[in-house]
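Asks: Can you keep this structure in mind? I'll have questions shortly.
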Amino acid sequence: MKIEGIELIRLELPLRYPFRTSFGAVHEREVLLLRVLTPDAEGWSECVAFSTPMYSSEYVDGVAEMIQRFLIPRLREAREPTAEQIGELFAPVRGHRMAKSTVETAVLDAQLRTHGLALGDYLGATRERVPAGVSVGIHDSIPELLEAVTGYLDEGYARIKLKIAPGWDIEPVRAVRERFGDELVLQVDANSAYTLADTRHLARLDAFDLLLIEQPLGEEQLRQHAELAAHLRTPVCLDESIVSAEAAADAIALGACRIVNIKPGRVGGYLESRRIHDLCQANGIAVWCGGMLETGIGRAANLALAGLPGFTLPSDTSASSRYYAQDITEPFELQHGCLQVPTGLGIGISPDQNTLTALTTTRQWIAF
Ligand code: NPG
């Protein structure tokens, strides 16, 4: 792709409600968008990093610097790289997968728009719509949690994920299971809040017939996850630990997980995500697509990925209204508990210019 320039656009989107996890609360979403300009098309992507490095080591300011100082120079030097060549081009730069994913995805979007292909078709999506799960943050009290879950079920969500942390685990899970019955598809997410010493405590969750427990231990604790998994009936799903297809292969070989959450930003992009999908499918490991409170730009691309056949569990691809009163794109809406996989070219959607301008804090154009 010949690249004429790249624009980094920073926005601040107020969340409808604060979202609390085991590592803190998010009140507004600081978003970094990347727009790549090529002779025939524009490409868009959204970075999944947050303002602070609490979910993972990357954060928005760091990603912006990484892209400008280290990734853009490599792109400039390479002559018109395709999206498929970018992984190798960036490989000498260690880590920084969220930054790499942001660049690769925008180039891929521009390339697909130029060639008249939708991202879902390019990746191999086989479904037109995907069941939507919703992630429910930590609440101040169990009655408030039950009220929030009731609201989501009334909207039609296909499964509920409860954020858990020490002091907010057994009782809220019990309350939700008792209130909504055995039919509710229910899972929990600890975001690394526990240690192996909590094994007996976490085994108490086995009583609630959960679909999975996500990332109970630390990102780098694959072996310890395998040990924990051997003591739990609830299947262990890994999120933070799966930073690449290689990490996924190790996790599977060690017996550290039976399910994988694929977040394209965390693993370096949609091409690596597809490799993880293929690997998991070949090994009988179910996958689903995680979310990072994306605007419509990131959500659209995630939906394309979630349309692949190995995504057999509901994904964290909620409606735009789960997080935002006003999205920067046409909002994604639930239809009978599902979201449509976009069919337009590339990621299938672009930001609304007026909304984008109103929410933008800074824009920086880097000519090639
Ligand atoms: O629906 O987009 C979404 C968010 C889903 O819970 C969600 N994301 O760890 O998976 C996660 C998580 C998260 C939330 C991570 C807040 C960081 C902060």
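Note on naming: chains are A, B, ... as they come in the structure tokens, residues start from 1 per chain, ligands start from 1 in the order shown.
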Write out as number ranges by chain all residues of stretch 115-345 of chain A that DSSP puts in helix (DSSP H, G or I) for this structure's backbone.

Replies: A: 115, 119-123, 142-155, 170-180, 196-208, 222-229, 245-254, 264-267, 270-282, 296-306, 320-322

Asks: Excluding A:Thr102 and its own-chain neighbours fewer than 2 positions away, which residues fall within 10 Å of it when counting only C-alpha atoms? Please give them as a list in words.

Replies: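 The neighbour list is Leu32, Leu33, Leu34, Arg35, Trp44, Ser45, Glu46, Cys47, Val48, Ala49, Val63, Ala64, Ile67, Arg97, Met98, Ala99, Lys100, Glu104, Thr105, Ala106, Val107, Pro264, Gly265, Gly268, Gly269 and Gly298 of chain A.
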
Asks: Around ligand 1, which protein and nucleic acid residues have at least one atom no more than 10 Å from it, if we count only C-alpha atoms and all ligand atoms? List them as a tab-separated table (two decimals) with N, CA, C and O atoms, in the first residue's frame.

Replies:
```tsv
chain	number	residue	atom	x	y	z
A	18	PRO	N	-19.78	4.42	35.16
A	18	PRO	CA	-18.40	3.99	35.42
A	18	PRO	C	-18.33	2.46	35.35
A	18	PRO	O	-19.30	1.78	35.69
A	19	PHE	N	-17.20	1.94	34.90
A	19	PHE	CA	-17.03	0.50	34.75
A	19	PHE	C	-15.91	0.06	35.68
A	19	PHE	O	-14.76	0.44	35.51
A	20	ARG	N	-16.27	-0.75	36.72
A	20	ARG	CA	-15.28	-1.11	37.73
A	20	ARG	C	-14.81	-2.55	37.54
A	20	ARG	O	-15.61	-3.46	37.38
A	21	THR	N	-13.50	-2.73	37.59
A	21	THR	CA	-12.91	-4.07	37.48
A	21	THR	C	-12.04	-4.28	38.72
A	21	THR	O	-11.94	-3.39	39.58
A	22	SER	N	-11.36	-5.44	38.78
A	22	SER	CA	-10.53	-5.73	39.95
A	22	SER	C	-9.38	-4.74	40.07
A	22	SER	O	-8.77	-4.63	41.12
A	23	PHE	N	-9.05	-4.02	39.01
A	23	PHE	CA	-7.90	-3.09	39.10
A	23	PHE	C	-8.30	-1.62	39.05
A	23	PHE	O	-7.45	-0.74	38.91
A	24	GLY	N	-9.57	-1.32	39.17
A	24	GLY	CA	-9.96	0.09	39.22
A	24	GLY	C	-11.15	0.39	38.32
A	24	GLY	O	-11.66	-0.50	37.65
A	25	ALA	N	-11.56	1.67	38.35
A	25	ALA	CA	-12.76	2.05	37.61
A	25	ALA	C	-12.39	2.93	36.41
A	25	ALA	O	-11.47	3.74	36.48
A	26	VAL	N	-13.12	2.75	35.31
A	26	VAL	CA	-12.97	3.62	34.15
A	26	VAL	C	-14.20	4.52	34.12
A	26	VAL	O	-15.32	4.03	34.21
A	29	ARG	N	-13.66	7.05	28.43
A	29	ARG	CA	-12.75	6.27	27.58
A	29	ARG	C	-11.91	7.24	26.78
A	29	ARG	O	-12.43	8.03	25.98
A	48	VAL	N	-6.69	-0.27	21.46
A	48	VAL	CA	-7.44	-0.76	22.64
A	48	VAL	C	-6.83	-0.34	23.96
A	48	VAL	O	-7.42	-0.56	25.02
A	49	ALA	N	-5.63	0.29	23.93
A	49	ALA	CA	-4.99	0.64	25.21
A	49	ALA	C	-5.84	1.64	25.99
A	49	ALA	O	-6.56	2.45	25.40
A	50	PHE	N	-5.72	1.57	27.30
A	50	PHE	CA	-6.38	2.55	28.17
A	50	PHE	C	-5.38	3.64	28.55
A	50	PHE	O	-4.20	3.55	28.23
A	52	THR	N	-4.15	4.29	31.38
A	52	THR	CA	-3.15	3.82	32.36
A	52	THR	C	-2.80	2.35	32.10
A	52	THR	O	-3.63	1.60	31.58
A	53	PRO	N	-1.59	1.94	32.48
A	53	PRO	CA	-1.17	0.55	32.19
A	53	PRO	C	-1.62	-0.42	33.27
A	53	PRO	O	-0.80	-1.07	33.91
A	54	MET	N	-2.93	-0.52	33.51
A	54	MET	CA	-3.43	-1.39	34.57
A	54	MET	C	-3.93	-2.73	34.04
A	54	MET	O	-3.85	-3.73	34.72
A	55	TYR	N	-4.48	-2.73	32.85
A	55	TYR	CA	-4.91	-4.01	32.24
A	55	TYR	C	-3.69	-4.72	31.67
A	55	TYR	O	-3.53	-5.93	31.84
A	56	SER	N	-2.84	-3.95	30.99
A	56	SER	CA	-1.60	-4.51	30.46
A	56	SER	C	-0.58	-3.38	30.44
A	56	SER	O	-0.89	-2.25	30.81
A	132	ALA	N	-24.38	-11.72	21.31
A	132	ALA	CA	-23.67	-10.70	22.09
A	132	ALA	C	-23.74	-11.00	23.57
A	132	ALA	O	-24.82	-11.21	24.13
A	133	GLY	N	-22.56	-11.00	24.21
A	133	GLY	CA	-22.50	-11.07	25.66
A	133	GLY	C	-22.32	-9.68	26.21
A	133	GLY	O	-22.00	-8.75	25.46
A	134	VAL	N	-22.50	-9.55	27.51
A	134	VAL	CA	-22.26	-8.25	28.14
A	134	VAL	C	-21.43	-8.45	29.40
A	134	VAL	O	-21.60	-9.44	30.12
A	135	SER	N	-20.52	-7.51	29.62
A	135	SER	CA	-19.63	-7.58	30.77
A	135	SER	C	-20.16	-6.61	31.83
A	135	SER	O	-20.38	-5.44	31.54
A	136	VAL	N	-20.36	-7.13	33.04
A	136	VAL	CA	-20.97	-6.32	34.09
A	136	VAL	C	-19.92	-6.04	35.17
A	136	VAL	O	-19.37	-6.97	35.76
A	137	GLY	N	-19.66	-4.78	35.41
A	137	GLY	CA	-18.62	-4.37	36.34
A	137	GLY	C	-18.97	-4.67	37.80
A	137	GLY	O	-20.08	-5.12	38.12
A	161	LYS	N	-21.34	-11.70	31.81
A	161	LYS	CA	-20.01	-11.91	32.43
A	161	LYS	C	-19.93	-10.98	33.62
A	161	LYS	O	-20.14	-9.77	33.48
A	162	LEU	N	-19.62	-11.53	34.79
A	162	LEU	CA	-19.48	-10.71	35.99
A	162	LEU	C	-18.01	-10.50	36.28
A	162	LEU	O	-17.24	-11.46	36.32
A	163	LYS	N	-17.63	-9.26	36.51
A	163	LYS	CA	-16.27	-8.99	36.96
A	163	LYS	C	-16.19	-9.40	38.42
A	163	LYS	O	-17.10	-9.09	39.21
A	188	VAL	N	-17.38	-15.54	34.67
A	188	VAL	CA	-16.77	-14.51	35.52
A	188	VAL	C	-15.38	-14.16	34.99
A	188	VAL	O	-14.74	-14.95	34.31
A	189	ASP	N	-14.94	-12.95	35.35
A	189	ASP	CA	-13.64	-12.45	34.88
A	189	ASP	C	-12.92	-11.79	36.04
A	189	ASP	O	-13.41	-10.82	36.62
A	190	ALA	N	-11.73	-12.33	36.39
A	190	ALA	CA	-10.99	-11.82	37.55
A	190	ALA	C	-9.90	-10.83	37.19
A	190	ALA	O	-9.33	-10.20	38.09
A	191	ASN	N	-9.58	-10.69	35.92
A	191	ASN	CA	-8.48	-9.79	35.52
A	191	ASN	C	-7.26	-9.95	36.42
A	191	ASN	O	-6.75	-8.97	36.98
A	192	SER	N	-6.82	-11.18	36.63
A	192	SER	CA	-5.56	-11.48	37.35
A	192	SER	C	-5.58	-11.15	38.84
A	192	SER	O	-4.51	-10.95	39.42
A	214	GLU	N	-12.43	-16.43	33.78
A	214	GLU	CA	-11.44	-15.80	32.90
A	214	GLU	C	-10.30	-15.20	33.71
A	214	GLU	O	-10.52	-14.50	34.70
A	215	GLN	N	-9.10	-15.50	33.27
A	215	GLN	CA	-7.85	-14.93	33.79
A	215	GLN	C	-7.83	-14.75	35.31
A	215	GLN	O	-7.70	-13.64	35.82
A	239	ASP	N	-7.14	-14.64	29.00
A	239	ASP	CA	-7.25	-13.38	28.27
A	239	ASP	C	-5.85	-12.75	28.25
A	239	ASP	O	-5.07	-12.96	27.31
A	240	GLU	N	-5.49	-12.03	29.32
A	240	GLU	CA	-4.22	-11.30	29.37
A	240	GLU	C	-3.01	-12.16	29.00
A	240	GLU	O	-2.05	-11.66	28.39
A	261	ASN	N	-9.96	-16.22	25.15
A	261	ASN	CA	-10.54	-14.93	24.77
A	261	ASN	C	-9.54	-14.30	23.80
A	261	ASN	O	-8.38	-14.11	24.15
A	262	ILE	N	-9.98	-14.02	22.58
A	262	ILE	CA	-9.09	-13.37	21.61
A	262	ILE	C	-9.45	-11.89	21.55
A	262	ILE	O	-10.59	-11.52	21.27
A	263	LYS	N	-8.45	-11.05	21.87
A	263	LYS	CA	-8.60	-9.60	21.69
A	263	LYS	C	-7.56	-9.18	20.67
A	263	LYS	O	-6.35	-9.24	20.95
A	289	CYS	N	-14.55	-13.49	21.35
A	289	CYS	CA	-13.85	-12.24	21.12
A	289	CYS	C	-14.06	-11.30	22.31
A	289	CYS	O	-15.20	-11.01	22.69
A	290	GLY	N	-12.96	-10.83	22.87
A	290	GLY	CA	-13.05	-9.91	24.00
A	290	GLY	C	-13.33	-8.49	23.53
A	290	GLY	O	-13.28	-8.19	22.33
A	291	GLY	N	-13.61	-7.62	24.48
A	291	GLY	CA	-13.87	-6.22	24.16
A	291	GLY	C	-13.04	-5.32	25.04
A	291	GLY	O	-12.59	-5.74	26.12
A	292	MET	N	-12.79	-4.12	24.58
A	292	MET	CA	-12.04	-3.14	25.37
A	292	MET	C	-12.78	-1.80	25.35
A	292	MET	O	-12.17	-0.75	25.17
A	293	LEU	N	-14.09	-1.88	25.51
A	293	LEU	CA	-14.93	-0.67	25.52
A	293	LEU	C	-14.73	0.12	24.23
A	293	LEU	O	-14.60	1.35	24.24
A	294	GLU	N	-14.71	-0.59	23.12
A	294	GLU	CA	-14.44	0.06	21.84
A	294	GLU	C	-15.60	0.95	21.39
A	294	GLU	O	-16.76	0.68	21.69
A	295	THR	N	-15.25	1.94	20.60
A	295	THR	CA	-16.26	2.70	19.85
A	295	THR	C	-16.66	1.81	18.67
A	295	THR	O	-16.15	0.70	18.50
A	298	GLY	N	-13.65	0.06	16.54
A	298	GLY	CA	-13.07	-1.21	17.01
A	298	GLY	C	-14.12	-2.32	17.05
A	298	GLY	O	-13.82	-3.48	16.78
A	299	ARG	N	-15.33	-1.95	17.40
A	299	ARG	CA	-16.43	-2.92	17.52
A	299	ARG	C	-16.70	-3.59	16.16
A	299	ARG	O	-16.92	-4.80	16.07
A	302	ASN	N	-14.08	-6.13	15.38
A	302	ASN	CA	-14.22	-7.31	16.26
A	302	ASN	C	-15.37	-8.20	15.81
A	302	ASN	O	-15.31	-9.42	15.92
A	315	SER	N	-19.47	-13.38	22.45
A	315	SER	CA	-18.33	-12.49	22.61
A	315	SER	C	-18.72	-11.24	23.41
A	315	SER	O	-19.90	-10.94	23.59
A	316	ASP	N	-17.68	-10.50	23.87
A	316	ASP	CA	-17.93	-9.21	24.51
A	316	ASP	C	-18.12	-8.15	23.42
A	316	ASP	O	-17.38	-7.17	23.33
A	317	THR	N	-19.09	-8.40	22.58
A	317	THR	CA	-19.40	-7.46	21.51
A	317	THR	C	-20.81	-6.95	21.79
A	317	THR	O	-21.77	-7.40	21.18
A	318	SER	N	-20.90	-6.05	22.77
A	318	SER	CA	-22.22	-5.53	23.15
A	318	SER	C	-22.62	-4.42	22.20
A	318	SER	O	-21.83	-3.96	21.37
A	319	ALA	N	-23.85	-3.96	22.37
A	319	ALA	CA	-24.34	-2.82	21.59
A	319	ALA	C	-23.57	-1.57	22.01
A	319	ALA	O	-23.08	-1.48	23.13
A	320	SER	N	-23.49	-0.60	21.12
A	320	SER	CA	-22.80	0.66	21.45
A	320	SER	C	-23.39	1.30	22.71
A	320	SER	O	-22.66	1.90	23.52
A	322	ARG	N	-24.27	0.05	25.38
A	322	ARG	CA	-23.78	-0.50	26.65
A	322	ARG	C	-22.84	0.51	27.31
A	322	ARG	O	-22.78	0.64	28.50
A	323	TYR	N	-22.07	1.21	26.46
A	323	TYR	CA	-21.06	2.12	27.01
A	323	TYR	C	-21.32	3.59	26.70
A	323	TYR	O	-21.00	4.44	27.51
```

Asks: I'd like the contact shell of stretch 9-17 of chain A - 7 Å cut-off, only C-alpha atoms, skipping same-chain residues fewer than 3 positions apart - returned as an MDAnalysis selection string.

Replies: chainID A and resid 27:34 323:325 359:364

Asks: With N, CA, C and O atoms kept, could you save the residues just selected as a CSV table (one decimal), in the first residue's frame?

Replies:
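To be explicit, this is the file written out as again_12.csv:
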```
chain,number,residue,atom,x,y,z
A,27,HIS,N,-14.0,5.8,34.0
A,27,HIS,CA,-15.1,6.8,34.0
A,27,HIS,C,-15.4,7.3,32.6
A,27,HIS,O,-16.5,7.6,32.2
A,28,GLU,N,-14.3,7.5,31.9
A,28,GLU,CA,-14.4,7.9,30.5
A,28,GLU,C,-13.4,7.2,29.7
A,28,GLU,O,-12.3,6.8,30.2
A,29,ARG,N,-13.7,7.0,28.4
A,29,ARG,CA,-12.8,6.3,27.6
A,29,ARG,C,-11.9,7.2,26.8
A,29,ARG,O,-12.4,8.0,26.0
A,30,GLU,N,-10.6,7.2,27.0
A,30,GLU,CA,-9.7,8.0,26.2
A,30,GLU,C,-9.4,7.1,25.0
A,30,GLU,O,-8.9,6.0,25.2
A,31,VAL,N,-9.7,7.6,23.8
A,31,VAL,CA,-9.6,6.7,22.6
A,31,VAL,C,-8.5,7.3,21.7
A,31,VAL,O,-8.5,8.5,21.5
A,32,LEU,N,-7.7,6.4,21.1
A,32,LEU,CA,-6.8,6.8,20.1
A,32,LEU,C,-7.2,6.1,18.8
A,32,LEU,O,-7.3,4.9,18.7
A,33,LEU,N,-7.6,6.9,17.8
A,33,LEU,CA,-7.9,6.4,16.5
A,33,LEU,C,-6.7,6.7,15.5
A,33,LEU,O,-6.0,7.6,15.7
A,34,LEU,N,-6.6,5.8,14.6
A,34,LEU,CA,-5.6,6.0,13.6
A,34,LEU,C,-6.2,6.0,12.2
A,34,LEU,O,-7.0,5.1,11.9
A,323,TYR,N,-22.1,1.2,26.5
A,323,TYR,CA,-21.1,2.1,27.0
A,323,TYR,C,-21.3,3.6,26.7
A,323,TYR,O,-21.0,4.4,27.5
A,324,TYR,N,-21.9,3.9,25.5
A,324,TYR,CA,-21.9,5.3,25.1
A,324,TYR,C,-23.3,5.8,24.7
A,324,TYR,O,-24.1,5.1,24.0
A,325,ALA,N,-23.6,7.0,25.2
A,325,ALA,CA,-24.9,7.6,24.8
A,325,ALA,C,-24.8,8.0,23.4
A,325,ALA,O,-25.7,7.9,22.6
A,359,LEU,N,-15.8,15.4,19.7
A,359,LEU,CA,-15.1,14.7,20.9
A,359,LEU,C,-13.6,14.7,20.8
A,359,LEU,O,-13.0,14.2,21.7
A,360,THR,N,-13.1,15.2,19.7
A,360,THR,CA,-11.6,15.2,19.5
A,360,THR,C,-10.9,16.1,20.5
A,360,THR,O,-11.3,17.3,20.6
A,361,THR,N,-9.8,15.6,21.1
A,361,THR,CA,-9.0,16.5,22.0
A,361,THR,C,-7.8,16.9,21.2
A,361,THR,O,-7.4,18.1,21.3
A,362,THR,N,-7.1,16.0,20.4
A,362,THR,CA,-6.0,16.4,19.6
A,362,THR,C,-5.9,15.6,18.3
A,362,THR,O,-6.4,14.5,18.3
A,363,ARG,N,-5.4,16.2,17.3
A,363,ARG,CA,-5.2,15.5,16.0
A,363,ARG,C,-3.8,15.8,15.6
A,363,ARG,O,-3.3,16.9,15.7
A,364,GLN,N,-3.1,14.8,15.0
A,364,GLN,CA,-1.8,15.0,14.5
A,364,GLN,C,-1.6,14.3,13.2
A,364,GLN,O,-1.8,13.1,13.1
```

Asks: Within 6 Å of stretch 4-7 of chain A, counting only C-alpha atoms, which residues qualify if same-chain residues fewer than 2 places away don't, as an MDAnalysis selection string?

Replies: chainID A and resid 34:38 364:368

Asks: Give me the residues within 9 Å of A:Ala256 as a CSV table (one decimal) with all heavy atoms, in the first residue's frame, counting only C-alpha atoms and dropping any in the same chain fewer than 5 places off.

Replies:
```
chain,number,residue,atom,x,y,z
A,222,LEU,N,1.4,-18.9,33.3
A,222,LEU,CA,0.8,-20.0,32.5
A,222,LEU,C,0.8,-21.3,33.3
A,222,LEU,O,-0.2,-22.0,33.4
A,222,LEU,CB,1.5,-20.2,31.2
A,222,LEU,CG,1.1,-19.3,30.1
A,222,LEU,CD1,1.8,-19.8,28.8
A,222,LEU,CD2,-0.4,-19.3,29.9
A,223,ARG,N,2.0,-21.6,33.9
A,223,ARG,CA,2.1,-22.9,34.6
A,223,ARG,C,1.2,-22.9,35.8
A,223,ARG,O,0.5,-23.9,36.1
A,223,ARG,CB,3.6,-23.1,35.1
A,223,ARG,CG,3.8,-24.5,35.7
A,223,ARG,CD,5.1,-24.5,36.5
A,223,ARG,NE,5.2,-23.5,37.6
A,223,ARG,CZ,4.5,-23.6,38.7
A,223,ARG,NH1,3.8,-24.6,39.0
A,223,ARG,NH2,4.6,-22.6,39.6
A,224,GLN,N,1.1,-21.8,36.5
A,224,GLN,CA,0.2,-21.7,37.7
A,224,GLN,C,-1.3,-21.9,37.3
A,224,GLN,O,-2.1,-22.4,38.0
A,224,GLN,CB,0.5,-20.5,38.5
A,224,GLN,CG,1.9,-20.4,39.1
A,224,GLN,CD,2.1,-19.2,40.0
A,224,GLN,OE1,1.4,-19.0,40.9
A,224,GLN,NE2,3.1,-18.5,39.7
A,225,HIS,N,-1.6,-21.3,36.1
A,225,HIS,CA,-3.0,-21.5,35.6
A,225,HIS,C,-3.3,-23.0,35.4
A,225,HIS,O,-4.3,-23.5,35.7
A,225,HIS,CB,-3.2,-20.7,34.3
A,225,HIS,CG,-3.7,-19.3,34.6
A,225,HIS,ND1,-2.9,-18.2,34.4
A,225,HIS,CD2,-4.9,-18.8,35.0
A,225,HIS,CE1,-3.5,-17.1,34.7
A,225,HIS,NE2,-4.7,-17.4,35.1
A,226,ALA,N,-2.2,-23.7,34.9
A,226,ALA,CA,-2.4,-25.1,34.6
A,226,ALA,C,-2.7,-25.9,35.9
A,226,ALA,O,-3.6,-26.7,36.0
A,226,ALA,CB,-1.2,-25.7,33.9
A,227,GLU,N,-1.9,-25.5,37.0
A,227,GLU,CA,-2.1,-26.1,38.3
A,227,GLU,C,-3.5,-25.8,38.8
A,227,GLU,O,-4.2,-26.6,39.4
A,227,GLU,CB,-1.0,-25.6,39.2
A,227,GLU,CG,-0.7,-26.5,40.3
A,227,GLU,CD,0.6,-26.1,41.0
A,227,GLU,OE1,1.6,-25.7,40.4
A,227,GLU,OE2,0.5,-26.2,42.3
A,228,LEU,N,-3.9,-24.5,38.7
A,228,LEU,CA,-5.2,-24.1,39.2
A,228,LEU,C,-6.3,-24.9,38.4
A,228,LEU,O,-7.2,-25.4,39.1
A,228,LEU,CB,-5.4,-22.6,39.0
A,228,LEU,CG,-6.8,-22.1,39.4
A,228,LEU,CD1,-7.1,-22.2,40.9
A,228,LEU,CD2,-6.9,-20.6,38.9
A,229,ALA,N,-6.2,-24.9,37.1
A,229,ALA,CA,-7.2,-25.6,36.3
A,229,ALA,C,-7.4,-27.0,36.7
A,229,ALA,O,-8.5,-27.5,36.6
A,229,ALA,CB,-6.8,-25.5,34.8
A,230,ALA,N,-6.3,-27.7,37.1
A,230,ALA,CA,-6.5,-29.1,37.6
A,230,ALA,C,-7.3,-29.3,38.8
A,230,ALA,O,-7.8,-30.3,39.1
A,230,ALA,CB,-5.1,-29.7,37.8
A,236,VAL,N,-11.1,-23.0,32.8
A,236,VAL,CA,-10.3,-21.7,32.8
A,236,VAL,C,-10.2,-21.2,31.4
A,236,VAL,O,-9.9,-21.9,30.5
A,236,VAL,CB,-8.9,-22.0,33.4
A,236,VAL,CG1,-8.0,-20.8,33.2
A,236,VAL,CG2,-9.0,-22.4,34.9
A,237,CYS,N,-10.5,-19.9,31.3
A,237,CYS,CA,-10.3,-19.2,30.0
A,237,CYS,C,-9.2,-18.1,30.2
A,237,CYS,O,-9.1,-17.5,31.3
A,237,CYS,CB,-11.6,-18.4,29.7
A,237,CYS,SG,-11.4,-17.2,28.3
A,238,LEU,N,-8.3,-18.0,29.2
A,238,LEU,CA,-7.2,-17.0,29.4
A,238,LEU,C,-7.5,-15.8,28.5
A,238,LEU,O,-7.9,-16.0,27.3
A,238,LEU,CB,-5.8,-17.7,29.1
A,238,LEU,CG,-5.4,-18.6,30.2
A,238,LEU,CD1,-4.0,-19.3,29.8
A,238,LEU,CD2,-5.3,-17.9,31.6
A,250,ASP,N,1.5,-22.6,23.9
A,250,ASP,CA,2.0,-23.0,25.1
A,250,ASP,C,0.9,-23.3,26.2
A,250,ASP,O,1.0,-24.3,26.9
A,250,ASP,CB,3.0,-22.0,25.7
A,250,ASP,CG,4.3,-22.0,25.0
A,250,ASP,OD1,4.6,-22.9,24.1
A,250,ASP,OD2,5.2,-21.1,25.2
A,251,ALA,N,0.0,-22.4,26.2
A,251,ALA,CA,-1.1,-22.5,27.2
A,251,ALA,C,-1.9,-23.8,27.0
A,251,ALA,O,-2.2,-24.5,27.9
A,251,ALA,CB,-2.0,-21.3,27.1
```

Asks: Would you pick out the contacts of stretch 231-235 of chain A at 7 Å or less, using only C-alpha atoms, so that residues sharing its chain but fewer than 2 positions from it are not included, and give the list as a PDB file with N, CA and C atoms, in the first residue's frame?

Replies:
```
ATOM      1  N   ALA A 203     -12.436 -22.660  43.892  1.00  0.00           N
ATOM      2  CA  ALA A 203     -13.164 -23.916  43.642  1.00  0.00           C
ATOM      3  C   ALA A 203     -14.607 -23.818  44.141  1.00  0.00           C
ATOM      4  N   ASP A 206     -17.298 -23.495  41.578  1.00  0.00           N
ATOM      5  CA  ASP A 206     -17.755 -24.674  40.826  1.00  0.00           C
ATOM      6  C   ASP A 206     -19.232 -24.965  41.084  1.00  0.00           C
ATOM      7  N   LEU A 210     -20.673 -22.321  36.073  1.00  0.00           N
ATOM      8  CA  LEU A 210     -20.240 -21.216  35.217  1.00  0.00           C
ATOM      9  C   LEU A 210     -19.701 -21.750  33.892  1.00  0.00           C
ATOM     10  N   LEU A 211     -19.902 -20.947  32.857  1.00  0.00           N
ATOM     11  CA  LEU A 211     -19.369 -21.300  31.541  1.00  0.00           C
ATOM     12  C   LEU A 211     -17.844 -21.300  31.592  1.00  0.00           C
ATOM     13  N   LEU A 212     -17.284 -20.350  32.349  1.00  0.00           N
ATOM     14  CA  LEU A 212     -15.826 -20.242  32.450  1.00  0.00           C
ATOM     15  C   LEU A 212     -15.434 -19.238  33.521  1.00  0.00           C
ATOM     16  N   ILE A 213     -14.187 -19.347  33.967  1.00  0.00           N
ATOM     17  CA  ILE A 213     -13.577 -18.293  34.786  1.00  0.00           C
ATOM     18  C   ILE A 213     -12.412 -17.745  33.973  1.00  0.00           C
ATOM     19  N   LEU A 228      -3.885 -24.534  38.715  1.00  0.00           N
ATOM     20  CA  LEU A 228      -5.222 -24.140  39.202  1.00  0.00           C
ATOM     21  C   LEU A 228      -6.301 -24.906  38.446  1.00  0.00           C
ATOM     22  N   ALA A 229      -6.163 -24.947  37.117  1.00  0.00           N
ATOM     23  CA  ALA A 229      -7.191 -25.581  36.280  1.00  0.00           C
ATOM     24  C   ALA A 229      -7.422 -27.037  36.698  1.00  0.00           C
ATOM     25  N   CYS A 237     -10.456 -19.868  31.281  1.00  0.00           N
ATOM     26  CA  CYS A 237     -10.287 -19.157  30.011  1.00  0.00           C
ATOM     27  C   CYS A 237      -9.170 -18.147  30.215  1.00  0.00           C
ATOM     28  N   ARG A 258      -8.971 -24.055  28.849  1.00  0.00           N
ATOM     29  CA  ARG A 258      -9.790 -24.839  27.911  1.00  0.00           C
ATOM     30  C   ARG A 258     -10.496 -23.926  26.918  1.00  0.00           C
TER      31      ARG A 258
END
```

Asks: Would you list the contacts of A:Arg129 as a list in words, taking every protein, DNA or RNA residue within 8 Å and counting only C-alpha atoms, but skipping same-chain residues closer than 4 positions in sequence?

Replies: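 Counting only the stated atoms, we get Gly307, Cys338, Leu339, Gln340 and Val341 of chain A.
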
Asks: Between A:Ile328, A:Ile160, A:Ile138, A:Leu119, which is the closest to A:Leu303 once you count only C-alpha atoms?

Replies: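 Comparing A:Ile328, A:Ile160, A:Ile138, A:Leu119 against A:Leu303, the winner is A:Leu119.
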
Asks: Could you check the closest approach to A:Ala300 for each of A:Gly120, A:Gly255, A:Pro216, A:Pro314 and tell me which residue wins, using only C-alpha atoms?

Replies: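 With only C-alpha atoms as the atom set, the closest residue is A:Gly120.
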